[in-house]
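Next comes query_19.csv, with CSV, C-alpha atoms.
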```csv
chain,number,residue,atom,x,y,z
A,165,MET,CA,127.9,30.7,149.2
A,166,GLN,CA,126.7,27.5,151.0
A,167,SER,CA,124.8,24.7,149.4
A,168,ILE,CA,121.1,24.8,150.0
A,169,PHE,CA,120.8,21.1,149.5
A,170,ASN,CA,122.5,19.7,152.6
A,171,GLN,CA,119.4,17.7,153.4
A,172,HIS,CA,120.1,15.5,150.3
A,173,THR,CA,122.6,13.8,150.0
A,174,GLY,CA,153.0,-0.9,126.9
A,175,ILE,CA,151.1,-1.1,123.9
A,176,SER,CA,147.7,0.2,123.8
A,177,SER,CA,145.2,-2.3,125.1
A,178,ARG,CA,143.2,-1.7,122.0
A,179,ALA,CA,145.0,-3.3,119.1
A,180,GLN,CA,146.2,-0.5,116.8
A,181,SER,CA,144.6,-2.2,113.8
A,182,LEU,CA,141.1,-1.9,115.3
A,183,LYS,CA,139.3,0.8,113.4
A,184,ARG,CA,135.7,1.3,112.5
A,185,PHE,CA,136.1,-0.1,109.0
A,186,LEU,CA,137.6,-3.4,110.4
A,187,LEU,CA,135.2,-4.3,113.2
A,188,PRO,CA,131.5,-3.6,113.5
A,189,VAL,CA,130.2,-2.2,116.8
A,190,ALA,CA,128.2,-5.3,117.4
A,191,ALA,CA,131.4,-7.3,117.9
A,192,CYS,CA,132.8,-4.9,120.6
A,193,ALA,CA,132.3,-7.4,123.4
A,194,LEU,CA,134.8,-9.7,121.7
A,195,LEU,CA,137.6,-7.2,122.2
A,196,LEU,CA,138.1,-8.1,125.8
A,197,GLY,CA,140.0,-11.2,125.0
A,198,GLY,CA,141.9,-9.8,122.1
A,199,CYS,CA,143.5,-6.7,123.6
A,200,LYS,CA,147.2,-6.5,123.9
A,201,LYS,CA,148.7,-6.4,127.4
A,202,ASP,CA,150.8,-3.6,128.7
A,203,ASN,CA,153.7,-5.8,129.5
A,204,GLU,CA,154.5,-6.3,125.8
A,205,ALA,CA,157.4,-4.6,124.1
A,206,ILE,CA,157.1,-0.9,123.6
A,207,GLY,CA,156.1,-0.1,120.1
A,208,ASP,CA,156.4,2.9,117.9
A,209,THR,CA,158.0,5.9,119.6
A,210,SER,CA,157.7,8.4,116.8
A,211,ALA,CA,155.5,10.9,118.5
A,212,PRO,CA,155.6,11.8,122.2
A,213,PRO,CA,152.3,12.5,124.1
A,214,VAL,CA,150.8,16.0,124.3
A,215,LEU,CA,149.5,17.5,127.6
A,216,ASN,CA,147.1,20.4,127.6
A,217,ILE,CA,145.6,22.3,130.6
A,218,VAL,CA,142.1,23.0,129.3
A,219,SER,CA,140.7,24.3,132.6
A,220,PRO,CA,141.4,26.9,134.0
A,221,VAL,CA,141.7,28.8,130.8
A,222,GLU,CA,144.8,30.9,130.0
A,223,GLY,CA,144.7,34.1,131.9
A,224,ALA,CA,142.0,33.0,134.3
A,225,THR,CA,141.7,34.3,137.9
A,226,ILE,CA,141.0,31.8,140.7
A,227,MET,CA,139.7,32.7,144.1
A,228,LEU,CA,141.5,32.6,147.5
A,229,GLY,CA,139.0,30.3,149.1
A,230,GLY,CA,136.8,30.5,152.2
A,231,ARG,CA,139.5,30.8,154.9
A,232,GLN,CA,141.3,33.5,153.1
A,233,GLY,CA,144.5,32.4,154.7
A,234,ASN,CA,143.1,31.4,158.1
A,235,ALA,CA,144.5,27.9,158.6
A,236,THR,CA,142.8,27.4,161.9
A,237,THR,CA,139.2,27.3,160.7
A,238,ALA,CA,137.9,24.2,158.9
A,239,ASP,CA,135.9,25.1,155.8
A,240,TYR,CA,135.0,23.2,152.6
A,241,ASN,CA,134.3,26.4,150.7
A,242,GLY,CA,137.7,26.6,149.1
A,243,THR,CA,139.0,28.1,145.8
A,244,GLY,CA,136.3,26.1,144.0
A,245,PHE,CA,137.8,26.0,140.6
A,246,ALA,CA,138.2,23.0,138.3
A,247,ILE,CA,141.4,21.6,136.8
A,248,ASN,CA,140.8,19.6,133.7
A,249,LEU,CA,143.7,18.1,131.7
A,250,GLU,CA,143.8,16.6,128.2
A,251,ILE,CA,146.5,13.9,127.6
A,252,VAL,CA,146.9,12.9,123.9
A,253,THR,CA,149.0,9.9,122.7
A,254,LYS,CA,149.8,9.8,119.1
A,255,ASP,CA,151.6,6.5,118.7
A,256,THR,CA,151.3,3.0,120.1
A,257,VAL,CA,153.1,3.9,123.4
A,258,THR,CA,150.5,4.0,126.1
A,259,ILE,CA,150.0,5.8,129.4
A,260,PRO,CA,148.5,3.2,131.8
A,261,THR,CA,145.2,4.5,133.2
A,262,LYS,CA,142.3,3.1,135.2
A,263,GLU,CA,139.4,5.2,133.9
A,264,SER,CA,136.9,5.7,136.7
A,265,LEU,CA,134.2,7.8,138.2
A,266,ASN,CA,136.4,8.1,141.3
A,267,ILE,CA,140.2,8.0,141.1
A,268,ARG,CA,140.6,10.1,144.3
A,269,ASN,CA,142.5,9.0,147.4
A,270,THR,CA,143.2,11.8,149.8
A,271,ALA,CA,145.2,9.4,152.0
A,272,ALA,CA,147.8,9.1,149.2
A,273,LEU,CA,148.4,12.8,148.9
A,274,GLY,CA,152.0,13.5,147.7
A,275,GLN,CA,152.2,10.0,146.1
A,276,PRO,CA,151.4,9.1,142.5
A,277,ASN,CA,147.8,8.4,141.7
A,278,VAL,CA,147.6,4.6,141.5
A,279,ASN,CA,145.0,5.0,138.7
A,280,LEU,CA,147.3,7.1,136.6
A,281,PRO,CA,150.8,6.7,138.0
A,282,GLY,CA,152.6,8.5,135.2
A,283,PHE,CA,150.7,11.8,136.1
A,284,ALA,CA,151.8,14.5,138.5
A,285,ALA,CA,150.5,18.0,139.4
A,286,SER,CA,151.6,20.7,141.8
A,287,LEU,CA,151.2,24.3,142.7
A,288,ASP,CA,154.0,26.7,143.7
A,289,VAL,CA,152.1,27.9,146.7
A,290,ASP,CA,150.9,26.2,149.9
A,291,LEU,CA,147.3,25.0,149.9
A,292,ILE,CA,145.1,25.1,153.0
A,293,LYS,CA,143.1,21.9,153.4
A,294,PRO,CA,139.4,21.8,154.3
A,295,ASP,CA,140.4,20.6,157.8
A,296,GLY,CA,142.7,23.6,158.2
A,297,GLY,CA,146.0,21.7,157.6
A,298,THR,CA,148.5,22.8,155.0
A,299,ILE,CA,149.7,21.1,151.8
A,300,PRO,CA,153.2,22.4,151.2
A,301,LYS,CA,153.9,23.9,147.8
A,302,GLY,CA,155.4,21.5,145.3
A,303,THR,CA,153.4,18.5,146.7
A,304,ASN,CA,152.2,16.0,144.1
A,305,LEU,CA,148.4,16.6,144.0
A,306,ALA,CA,147.6,13.8,141.6
A,307,SER,CA,145.8,11.6,144.2
A,308,LEU,CA,143.3,14.4,144.8
A,309,PHE,CA,142.0,14.3,141.2
A,310,ASN,CA,138.4,13.1,141.0
A,311,ILE,CA,137.8,11.3,137.7
A,312,ALA,CA,139.4,10.0,134.5
A,313,GLY,CA,138.0,9.1,131.1
A,314,THR,CA,139.3,8.3,127.6
A,315,ASP,CA,138.0,8.7,124.1
A,316,ASP,CA,139.3,7.1,120.9
A,317,THR,CA,141.4,9.6,119.0
A,318,PRO,CA,141.9,9.0,115.2
A,319,GLY,CA,145.1,7.1,114.6
A,320,PRO,CA,147.0,4.8,116.9
A,321,GLY,CA,146.6,7.0,120.0
A,322,VAL,CA,143.9,8.0,122.5
A,323,THR,CA,142.9,11.0,124.5
A,324,THR,CA,142.7,10.7,128.3
A,325,TRP,CA,141.1,13.4,130.5
A,326,VAL,CA,141.5,14.0,134.2
A,327,SER,CA,139.5,16.4,136.4
A,328,TRP,CA,139.7,17.8,139.9
A,329,HIS,CA,137.4,20.2,141.8
A,330,VAL,CA,139.8,22.1,144.2
A,331,LEU,CA,138.3,22.2,147.7
A,332,GLU,CA,141.5,23.8,149.1
A,333,SER,CA,142.3,27.5,149.7
A,334,VAL,CA,145.4,29.6,149.2
A,335,ALA,CA,146.9,32.1,151.7
A,336,ALA,CA,145.7,35.6,152.0
A,337,GLY,CA,147.8,38.0,150.0
A,338,THR,CA,148.5,35.5,147.2
A,339,THR,CA,148.2,37.3,143.9
A,340,SER,CA,149.3,34.5,141.5
A,341,CYS,CA,150.4,30.9,141.4
A,342,THR,CA,151.7,28.5,138.8
A,343,LEU,CA,150.1,25.1,138.1
A,344,THR,CA,152.7,22.5,136.9
A,345,THR,CA,151.5,19.2,135.4
A,346,SER,CA,153.4,16.4,133.8
A,347,VAL,CA,152.7,12.9,132.3
A,348,THR,CA,155.2,10.1,131.5
A,349,ASP,CA,154.4,7.3,129.1
A,350,ARG,CA,155.6,3.7,129.1
A,351,ALA,CA,158.7,4.7,127.0
A,352,GLY,CA,159.7,7.1,129.7
A,353,ARG,CA,158.9,10.2,127.7
A,354,LYS,CA,157.8,13.0,130.0
A,355,VAL,CA,155.9,16.1,128.9
A,356,THR,CA,155.0,19.1,131.0
A,357,ALA,CA,152.4,21.8,130.9
A,358,THR,CA,152.2,24.9,133.1
A,359,ARG,CA,149.7,27.6,133.7
A,360,LEU,CA,150.1,30.9,135.5
A,361,LEU,CA,147.0,31.7,137.4
A,362,LYS,CA,146.0,35.0,138.9
A,363,VAL,CA,144.5,34.9,142.4
A,364,GLY,CA,142.0,37.4,143.4
A,365,PRO,CA,139.0,38.3,144.9
A,366,GLY,CA,136.3,38.3,142.3
A,367,PRO,CA,133.5,40.7,141.5
A,368,ASN,CA,131.9,42.2,144.5
A,369,GLY,CA,134.6,40.8,146.7
A,370,ALA,CA,133.9,37.2,145.9
A,371,PHE,CA,136.4,35.0,147.7
A,372,SER,CA,135.6,31.5,146.6
A,373,GLY,CA,134.5,29.7,143.5
A,374,GLU,CA,131.0,29.3,145.0
A,375,ALA,CA,130.8,33.0,145.7
A,376,LEU,CA,131.3,33.7,142.0
A,377,THR,CA,127.9,32.0,141.3
A,378,PRO,CA,124.5,32.4,142.9
A,379,ALA,CA,123.0,29.6,145.0
A,380,PRO,CA,120.9,27.0,143.2
A,381,LYS,CA,117.2,27.7,142.7
A,382,LEU,CA,114.4,26.2,140.7
A,383,ILE,CA,115.1,26.8,137.0
A,384,THR,CA,112.7,26.6,134.0
A,385,TYR,CA,114.8,25.4,131.1
A,386,GLY,CA,114.8,27.4,128.0
A,387,THR,CA,113.7,25.7,124.8
A,388,VAL,CA,115.7,27.9,122.4
A,389,ASP,CA,119.0,29.7,122.7
A,390,ASN,CA,118.9,33.3,123.8
A,391,PRO,CA,121.7,35.7,122.5
A,392,ASP,CA,122.0,36.9,126.1
A,393,GLY,CA,122.3,33.4,127.5
A,394,PRO,CA,125.6,31.8,128.6
A,395,THR,CA,128.1,30.8,125.9
A,396,VAL,CA,128.3,27.1,126.2
A,397,THR,CA,131.2,25.0,124.8
A,398,MET,CA,132.0,21.3,124.9
A,399,ILE,CA,135.7,20.6,124.8
A,400,ALA,CA,135.5,16.9,125.5
A,401,PRO,CA,135.1,14.4,123.9
A,402,ARG,CA,137.9,15.7,121.7
A,403,THR,CA,137.1,16.5,118.1
A,404,PRO,CA,137.5,14.5,116.0
A,405,SER,CA,137.2,11.4,118.1
A,406,SER,CA,134.9,8.4,118.8
A,407,VAL,CA,133.7,7.1,122.1
A,408,SER,CA,133.4,3.6,123.5
A,409,PRO,CA,129.8,2.7,124.1
A,410,GLY,CA,130.2,0.2,126.9
A,411,ILE,CA,130.0,-3.5,126.3
A,412,GLN,CA,126.9,-4.3,124.2
A,413,THR,CA,125.8,-7.6,125.8
A,414,ALA,CA,122.1,-8.0,126.7
A,415,GLY,CA,121.5,-8.4,130.4
A,416,VAL,CA,124.9,-7.1,131.4
A,417,LEU,CA,124.9,-4.1,133.6
A,418,PRO,CA,127.8,-1.7,133.2
A,419,ALA,CA,130.4,-2.2,135.9
A,420,PRO,CA,133.2,0.4,135.6
A,421,PRO,CA,135.9,-0.1,134.8
A,422,THR,CA,135.2,-3.5,133.1
A,423,SER,CA,132.2,-2.7,130.9
A,424,GLY,CA,131.1,1.0,131.1
A,425,ALA,CA,131.7,3.6,128.4
A,426,LEU,CA,134.2,5.6,130.4
A,427,PHE,CA,134.6,8.5,128.0
A,428,PHE,CA,134.8,12.1,129.4
A,429,ILE,CA,132.5,15.1,128.8
A,430,GLN,CA,133.5,18.7,129.6
A,431,VAL,CA,130.9,21.4,129.4
A,432,SER,CA,131.9,25.1,130.0
A,433,ALA,CA,129.5,28.0,130.4
A,434,LEU,CA,130.6,31.6,130.2
A,435,ASP,CA,128.2,34.0,131.9
A,436,LYS,CA,128.7,36.8,129.4
A,437,SER,CA,125.5,38.7,130.5
A,438,ARG,CA,126.4,38.5,134.2
A,439,ASN,CA,123.0,37.1,134.9
A,440,GLY,CA,124.5,34.4,137.2
A,441,ILE,CA,124.6,30.6,136.7
A,442,ASN,CA,123.1,28.9,139.8
A,443,VAL,CA,125.7,26.4,141.0
A,444,ALA,CA,126.8,24.8,144.3
A,445,GLU,CA,130.3,23.9,143.1
A,446,ASN,CA,131.2,22.0,146.2
A,447,GLY,CA,128.1,19.8,146.2
A,448,ASP,CA,127.3,18.7,149.7
A,449,GLY,CA,130.4,20.0,151.4
A,450,ALA,CA,129.1,20.0,155.0
A,451,PHE,CA,130.9,18.2,157.8
A,452,GLY,CA,129.4,14.9,158.8
A,453,LYS,CA,128.7,14.0,155.2
A,454,PRO,CA,130.5,11.2,153.4
A,455,ALA,CA,133.9,12.3,152.0
A,456,ALA,CA,132.7,11.2,148.5
A,457,ASP,CA,130.0,13.9,148.6
A,458,ARG,CA,132.5,16.7,149.1
A,459,GLY,CA,133.7,18.4,146.0
A,460,THR,CA,131.4,16.5,143.6
A,461,ILE,CA,128.1,17.7,142.1
A,462,GLU,CA,126.8,14.2,141.5
A,463,ASP,CA,123.2,14.2,142.7
A,464,LYS,CA,122.8,10.5,143.2
A,465,THR,CA,119.0,10.3,143.9
A,466,GLN,CA,118.0,12.4,140.9
A,467,SER,CA,118.9,10.3,137.9
A,468,ASN,CA,115.2,9.7,137.2
A,469,ALA,CA,114.1,13.2,138.2
A,470,GLY,CA,116.3,14.9,135.6
A,471,VAL,CA,117.4,17.9,137.7
A,472,ASN,CA,120.7,18.2,139.4
A,473,ARG,CA,119.9,20.2,142.5
A,474,TYR,CA,123.5,21.5,142.7
A,475,VAL,CA,123.3,22.9,139.2
A,476,PRO,CA,119.6,23.1,138.2
A,477,GLY,CA,120.3,25.0,135.0
A,478,LEU,CA,122.5,22.3,133.4
A,479,LYS,CA,120.9,20.0,130.9
A,480,VAL,CA,122.9,17.4,129.0
A,481,THR,CA,121.3,14.8,126.8
A,482,PHE,CA,122.2,11.9,124.6
A,483,ASP,CA,120.0,10.8,121.6
A,484,VAL,CA,120.3,7.2,122.9
A,485,PRO,CA,119.4,5.7,126.3
A,486,LEU,CA,122.0,5.3,128.9
A,487,LEU,CA,122.0,2.2,131.1
A,488,GLN,CA,123.5,3.0,134.5
A,489,PRO,CA,125.4,0.5,136.7
A,490,ASN,CA,122.4,0.3,139.1
A,491,GLY,CA,120.1,-0.9,136.3
A,492,ASN,CA,118.4,2.5,135.9
A,493,VAL,CA,117.9,3.7,132.3
A,494,ILE,CA,118.0,7.4,131.5
A,495,PRO,CA,116.0,7.6,128.2
A,496,ALA,CA,117.2,9.3,125.1
A,497,GLY,CA,116.7,13.0,125.6
A,498,GLY,CA,116.7,12.6,129.4
A,499,ASN,CA,118.7,15.0,131.5
A,500,LEU,CA,122.1,13.5,132.4
A,501,ALA,CA,123.1,16.4,134.6
A,502,PRO,CA,122.5,14.6,137.9
A,503,VAL,CA,125.3,12.1,137.2
A,504,PHE,CA,128.0,14.8,136.4
A,505,ASN,CA,130.9,14.6,138.8
A,506,THR,CA,132.8,17.9,139.0
A,507,ALA,CA,132.2,21.6,138.7
A,508,GLY,CA,134.3,24.6,139.3
A,509,SER,CA,134.2,28.4,138.6
A,510,GLU,CA,136.9,30.9,137.7
A,511,LEU,CA,137.0,34.5,136.5
A,512,ASP,CA,137.6,34.4,132.7
A,513,PRO,CA,140.2,36.9,131.3
A,514,SER,CA,137.2,38.7,129.7
A,515,GLY,CA,135.9,39.5,133.3
A,516,PHE,CA,133.0,37.1,133.1
A,517,VAL,CA,132.5,34.1,135.3
A,518,ARG,CA,133.3,30.7,133.6
A,519,THR,CA,131.9,27.5,135.2
A,520,THR,CA,133.1,24.1,134.0
A,521,PHE,CA,131.5,20.8,134.5
A,522,GLY,CA,133.1,17.3,134.0
A,523,TRP,CA,131.7,13.8,133.8
A,524,SER,CA,133.2,10.3,133.3
A,525,VAL,CA,130.4,8.3,131.7
A,526,GLY,CA,130.1,5.1,133.8
A,527,GLY,CA,127.1,3.7,132.0
A,528,THR,CA,126.5,1.9,128.7
A,529,LEU,CA,125.1,3.6,125.6
A,530,GLN,CA,122.1,1.6,124.3
A,531,LEU,CA,122.8,2.2,120.7
A,532,GLY,CA,120.0,0.3,119.0
A,533,GLY,CA,122.0,0.0,115.8
A,534,LYS,CA,123.2,3.6,115.8
A,535,THR,CA,126.9,4.3,114.9
A,536,SER,CA,127.1,7.8,116.5
A,537,VAL,CA,125.7,9.6,119.5
A,538,THR,CA,124.6,13.2,119.6
A,539,ILE,CA,125.5,15.1,122.8
A,540,LYS,CA,123.7,18.3,123.6
A,541,ALA,CA,124.6,20.5,126.5
A,542,ALA,CA,122.5,23.5,127.5
A,543,VAL,CA,122.9,25.9,130.4
A,544,THR,CA,120.1,28.2,131.6
A,545,ASP,CA,121.1,31.1,133.8
A,546,ALA,CA,119.4,32.8,136.7
A,547,ALA,CA,117.5,35.1,134.4
A,548,GLY,CA,116.0,32.1,132.5
A,549,LYS,CA,118.2,32.7,129.4
A,550,THR,CA,119.7,29.6,127.7
A,551,GLY,CA,122.8,28.8,125.7
A,552,SER,CA,123.7,25.4,124.2
A,553,THR,CA,126.0,23.4,122.1
A,554,THR,CA,125.8,20.1,120.2
A,555,GLN,CA,128.4,17.6,119.3
A,556,VAL,CA,128.0,14.4,117.2
A,557,VAL,CA,130.6,11.7,118.0
A,558,GLN,CA,131.2,8.4,116.3
A,559,ILE,CA,131.1,5.1,118.1
A,560,SER,CA,134.5,3.4,118.6
A,561,PRO,CA,134.8,-0.3,117.9
A,562,VAL,CA,136.6,-0.6,121.2
A,563,ALA,CA,134.0,-1.8,123.7
A,564,ASN,CA,134.9,0.4,126.8
A,565,GLY,CA,137.3,3.0,127.9
A,566,GLN,CA,139.4,0.7,130.0
A,567,LEU,CA,140.3,-1.2,126.8
A,568,LEU,CA,141.6,1.9,125.2
A,569,THR,CA,144.4,2.1,127.8
A,570,PRO,CA,146.3,-0.6,129.8
A,571,ALA,CA,145.4,-0.7,133.4
A,572,PRO,CA,148.2,0.2,135.8
A,573,ARG,CA,149.8,-2.7,137.5
```

Just give me the structure as structure tokens.
Amino acid sequence: MQSIFNQHTGISSRAQSLKRFLLPVAACALLLGGCKKDNEAIGDTSAPPVLNIVSPVEGATIMLGGRQGNATTADYNGTGFAINLEIVTKDTVTIPTKESLNIRNTAALGQPNVNLPGFAASLDVDLIKPDGGTIPKGTNLASLFNIAGTDDTPGPGVTTWVSWHVLESVAAGTTSCTLTTSVTDRAGRKVTATRLLKVGPGPNGAFSGEALTPAPKLITYGTVDNPDGPTVTMIAPRTPSSVSPGIQTAGVLPAPPTSGALFFIQVSALDKSRNGINVAENGDGAFGKPAADRGTIEDKTQSNAGVNRYVPGLKVTFDVPLLQPNGNVIPAGGNLAPVFNTAGSELDPSGFVRTTFGWSVGGTLQLGGKTSVTIKAAVTDAAGKTGSTTQVVQISPVANGQLLTPAPR
């Protein structure tokens, strides 16, 4: 499927004593000068970090990709699935991270990601790049990841999320591959997570993630859930957790990573009725377009319009306004889908198509005195049937996501 929208374009840096009962949200801006630095002595090492692969799900099947093994033809319609990882620290030993809406650097392929240097990811099969070149199996893929965000886990640790929409393909005849990921904290403790992925074609011979879903079309959002609509889940922010709101200083625009919220949201929709969920997972993947527009569903001109033209059936709202870095305000209840970053589709073990969306929140929550934010995610399928989920998360006393983790040196 091709897009129809080509015409558009350490010690933790939060002090471990900072908890909601010790510091009111109104004082968040004061944390910037009081955070501990990551060159201090390593603290408690009682509990190593935990690393979870949350997407693709266990037993999922990914697609071969557009070239189906033909490495001589350039094509951005690759496997089209999403890799999302959850990294949980449980003590005061941190994993240096620069949370951002863009941590990707294709020129550094094979090297550590400078925004999350303790992280590594690889596949045990060769990948065919969009330009037709080959990434040898075992190559560190960390620098290809798109976004990172962190939420405030109860206790001394935090939860960091990283996400990647995979534009690459795998060779024809591949029936399975293993994804291996690892993360190393400041104490040198390394944890690893692996996932065996089936590789197929999908239903009706679908060969790419985009081919698993119908092309975008105009969608009328449902106002109530339908039992035949998609099953929608929200894995991130992690439950229970709180989120940083962004620095609450009047007149200050969020400027990630210094002042935006920078927590992560993952929404997953399972098309259990096989009605189809209209998605262009690759965003604007045509040649001649900026590299930043390939493999992302961010619809930059649509923040005020409320419809993401790459995934018109997605609707995500906060019950508070969101101030964007450009000064635009998305009102409470306004659709946040246009500012989502990543999307990917896979074949669930149940045989249904699962599409996953990810977003690192670069703006600032305008709380107006609220101490929690309600996040609602709804997905309307091609038949006009809607499924939704709602999560209420508390507001962390830590002003922004970058203060939850030390920045890499």

Select from region 398-502 of chain A every residue with an atom at most 6 Å from any atom of region 532-545 of chain A, then for each give the shortest pair of atoms and their distance in Å to one decimal, using all atoms listed in the file, rows by chain and rising number, as a tab-separated table.
```
residue	atom	partner	partner_atom	distance
A:Gly440	CA	A:Asp545	CA	5.8
A:Ile441	CA	A:Asp545	CA	4.6
A:Gly477	CA	A:Thr544	CA	4.7
A:Leu478	CA	A:Val543	CA	4.7
A:Lys479	CA	A:Ala542	CA	5.1
A:Val480	CA	A:Ala541	CA	4.3
A:Thr481	CA	A:Lys540	CA	5.3
A:Phe482	CA	A:Ile539	CA	4.9
A:Asp483	CA	A:Thr538	CA	5.6
```

Can those selected residues be exported to a file as a compact mmCIF listing (two decimals), keeping the file's coordinate frame so that it contains C-alpha atoms?
```txt
# COMPACT_ATOMS: atom_id res chain seq x y z
CA GLY A 440 124.50 34.40 137.20
CA ILE A 441 124.60 30.60 136.70
CA GLY A 477 120.30 25.00 135.00
CA LEU A 478 122.50 22.30 133.40
CA LYS A 479 120.90 20.00 130.90
CA VAL A 480 122.90 17.40 129.00
CA THR A 481 121.30 14.80 126.80
CA PHE A 482 122.20 11.90 124.60
CA ASP A 483 120.00 10.80 121.60
```

Considering only C-alpha atoms, tabulate each residue of region 343-408 of chain A that lies at most 10 Å from region 301-321 of chain A along with its nearest interatomic pair and the corresponding distance in Å to one decimal; arrange the rows by chain and ascending residue number and present them as CSV.
```
residue,atom,partner,partner_atom,distance
A:Leu343,CA,A:Gly302,CA,9.6
A:Thr344,CA,A:Gly302,CA,8.9
A:Thr345,CA,A:Ala306,CA,9.1
A:Ala400,CA,A:Asp315,CA,8.7
A:Pro401,CA,A:Asp315,CA,6.4
A:Arg402,CA,A:Asp315,CA,7.4
A:Thr403,CA,A:Thr317,CA,8.2
A:Pro404,CA,A:Thr317,CA,6.9
A:Ser405,CA,A:Thr317,CA,4.7
A:Ser406,CA,A:Asp316,CA,5.0
A:Val407,CA,A:Asp315,CA,5.0
A:Ser408,CA,A:Asp315,CA,6.9
```

Test item: residues at most 6 Å from region 360-366 of chain A, only C-alpha atoms, excluding those fewer than 4 positions along its chain, as a PyMOL selection string: chain A and resi 225-227+339-342+370-371

Saved selection, atoms kept: C-alpha atoms, as a PDB file, in the coordinates of the input:
```pdb
ATOM      1  CA  THR A 225     141.700  34.300 137.900  1.00  0.00           C
ATOM      2  CA  ILE A 226     141.000  31.800 140.700  1.00  0.00           C
ATOM      3  CA  MET A 227     139.700  32.700 144.100  1.00  0.00           C
ATOM      4  CA  THR A 339     148.200  37.300 143.900  1.00  0.00           C
ATOM      5  CA  SER A 340     149.300  34.500 141.500  1.00  0.00           C
ATOM      6  CA  CYS A 341     150.400  30.900 141.400  1.00  0.00           C
ATOM      7  CA  THR A 342     151.700  28.500 138.800  1.00  0.00           C
ATOM      8  CA  ALA A 370     133.900  37.200 145.900  1.00  0.00           C
ATOM      9  CA  PHE A 371     136.400  35.000 147.700  1.00  0.00           C
TER      10      PHE A 371
END
```

Counting only C-alpha atoms, the residue of A:Ile247, A:Leu487, A:Leu228, A:Ile494 that sits nearest Ser372 (chain A):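 Counting only C-alpha atoms, the residue closest to Ser372 (chain A) is A:Leu228.
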
Residue list as a list in words for point (133.0, 37.7, 128.1), cut-off 6 Å, all atoms listed in the file: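 Checked against the point, the hits come out as Lys436, Ser514 and Phe516 of chain A.
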
Interatomic distance, CA of Leu434 (chain A) to CA of Asp392 (chain A) (Å, one decimal): 10.9 Å

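Of the listed residues (A:Asn499, A:Thr569, A:Ser432, A:Thr377), A:Ser432 comes nearest to Thr520 (chain A); the distances count all atoms listed in the file.
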
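In terms of minimum interatomic distance to Leu273 (chain A), A:Ile299 ranks closest within A:Val557, A:Val257, A:Ile299, A:Val252, counting only C-alpha atoms.
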
Between CA of Ala271 (chain A) and CA of Ser327 (chain A), distance in Å (one decimal):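 For CA of Ala271 (chain A) relative to CA of Ser327 (chain A), the distance reads 18.0 Å.
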
Test item: residues at most 9 Å from Lys549 (chain A), all atoms listed in the file, excluding those fewer than 2 positions along its chain, as a ChimeraX atom specification: /A:385-386,388-394,439,543-547,551

Need the neighbours of (132.2, 29.5, 142.0): which residues are at most 10 Å away, counting all atoms listed in the file, as a PDB file with C-alpha atoms, in the coordinates of the input?
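And here is the file that came out, selection-v2.pdb:
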```pdb
ATOM      1  CA  MET A 165     127.900  30.700 149.200  1.00  0.00           C
ATOM      2  CA  ILE A 226     141.000  31.800 140.700  1.00  0.00           C
ATOM      3  CA  MET A 227     139.700  32.700 144.100  1.00  0.00           C
ATOM      4  CA  GLY A 229     139.000  30.300 149.100  1.00  0.00           C
ATOM      5  CA  ASN A 241     134.300  26.400 150.700  1.00  0.00           C
ATOM      6  CA  GLY A 242     137.700  26.600 149.100  1.00  0.00           C
ATOM      7  CA  THR A 243     139.000  28.100 145.800  1.00  0.00           C
ATOM      8  CA  GLY A 244     136.300  26.100 144.000  1.00  0.00           C
ATOM      9  CA  PHE A 245     137.800  26.000 140.600  1.00  0.00           C
ATOM     10  CA  ALA A 246     138.200  23.000 138.300  1.00  0.00           C
ATOM     11  CA  GLY A 366     136.300  38.300 142.300  1.00  0.00           C
ATOM     12  CA  ALA A 370     133.900  37.200 145.900  1.00  0.00           C
ATOM     13  CA  PHE A 371     136.400  35.000 147.700  1.00  0.00           C
ATOM     14  CA  SER A 372     135.600  31.500 146.600  1.00  0.00           C
ATOM     15  CA  GLY A 373     134.500  29.700 143.500  1.00  0.00           C
ATOM     16  CA  GLU A 374     131.000  29.300 145.000  1.00  0.00           C
ATOM     17  CA  ALA A 375     130.800  33.000 145.700  1.00  0.00           C
ATOM     18  CA  LEU A 376     131.300  33.700 142.000  1.00  0.00           C
ATOM     19  CA  THR A 377     127.900  32.000 141.300  1.00  0.00           C
ATOM     20  CA  PRO A 378     124.500  32.400 142.900  1.00  0.00           C
ATOM     21  CA  ALA A 379     123.000  29.600 145.000  1.00  0.00           C
ATOM     22  CA  ILE A 441     124.600  30.600 136.700  1.00  0.00           C
ATOM     23  CA  ASN A 442     123.100  28.900 139.800  1.00  0.00           C
ATOM     24  CA  VAL A 443     125.700  26.400 141.000  1.00  0.00           C
ATOM     25  CA  ALA A 444     126.800  24.800 144.300  1.00  0.00           C
ATOM     26  CA  GLU A 445     130.300  23.900 143.100  1.00  0.00           C
ATOM     27  CA  ASN A 446     131.200  22.000 146.200  1.00  0.00           C
ATOM     28  CA  ALA A 507     132.200  21.600 138.700  1.00  0.00           C
ATOM     29  CA  GLY A 508     134.300  24.600 139.300  1.00  0.00           C
ATOM     30  CA  SER A 509     134.200  28.400 138.600  1.00  0.00           C
ATOM     31  CA  GLU A 510     136.900  30.900 137.700  1.00  0.00           C
ATOM     32  CA  LEU A 511     137.000  34.500 136.500  1.00  0.00           C
ATOM     33  CA  VAL A 517     132.500  34.100 135.300  1.00  0.00           C
ATOM     34  CA  ARG A 518     133.300  30.700 133.600  1.00  0.00           C
ATOM     35  CA  THR A 519     131.900  27.500 135.200  1.00  0.00           C
ATOM     36  CA  THR A 520     133.100  24.100 134.000  1.00  0.00           C
TER      37      THR A 520
END
```
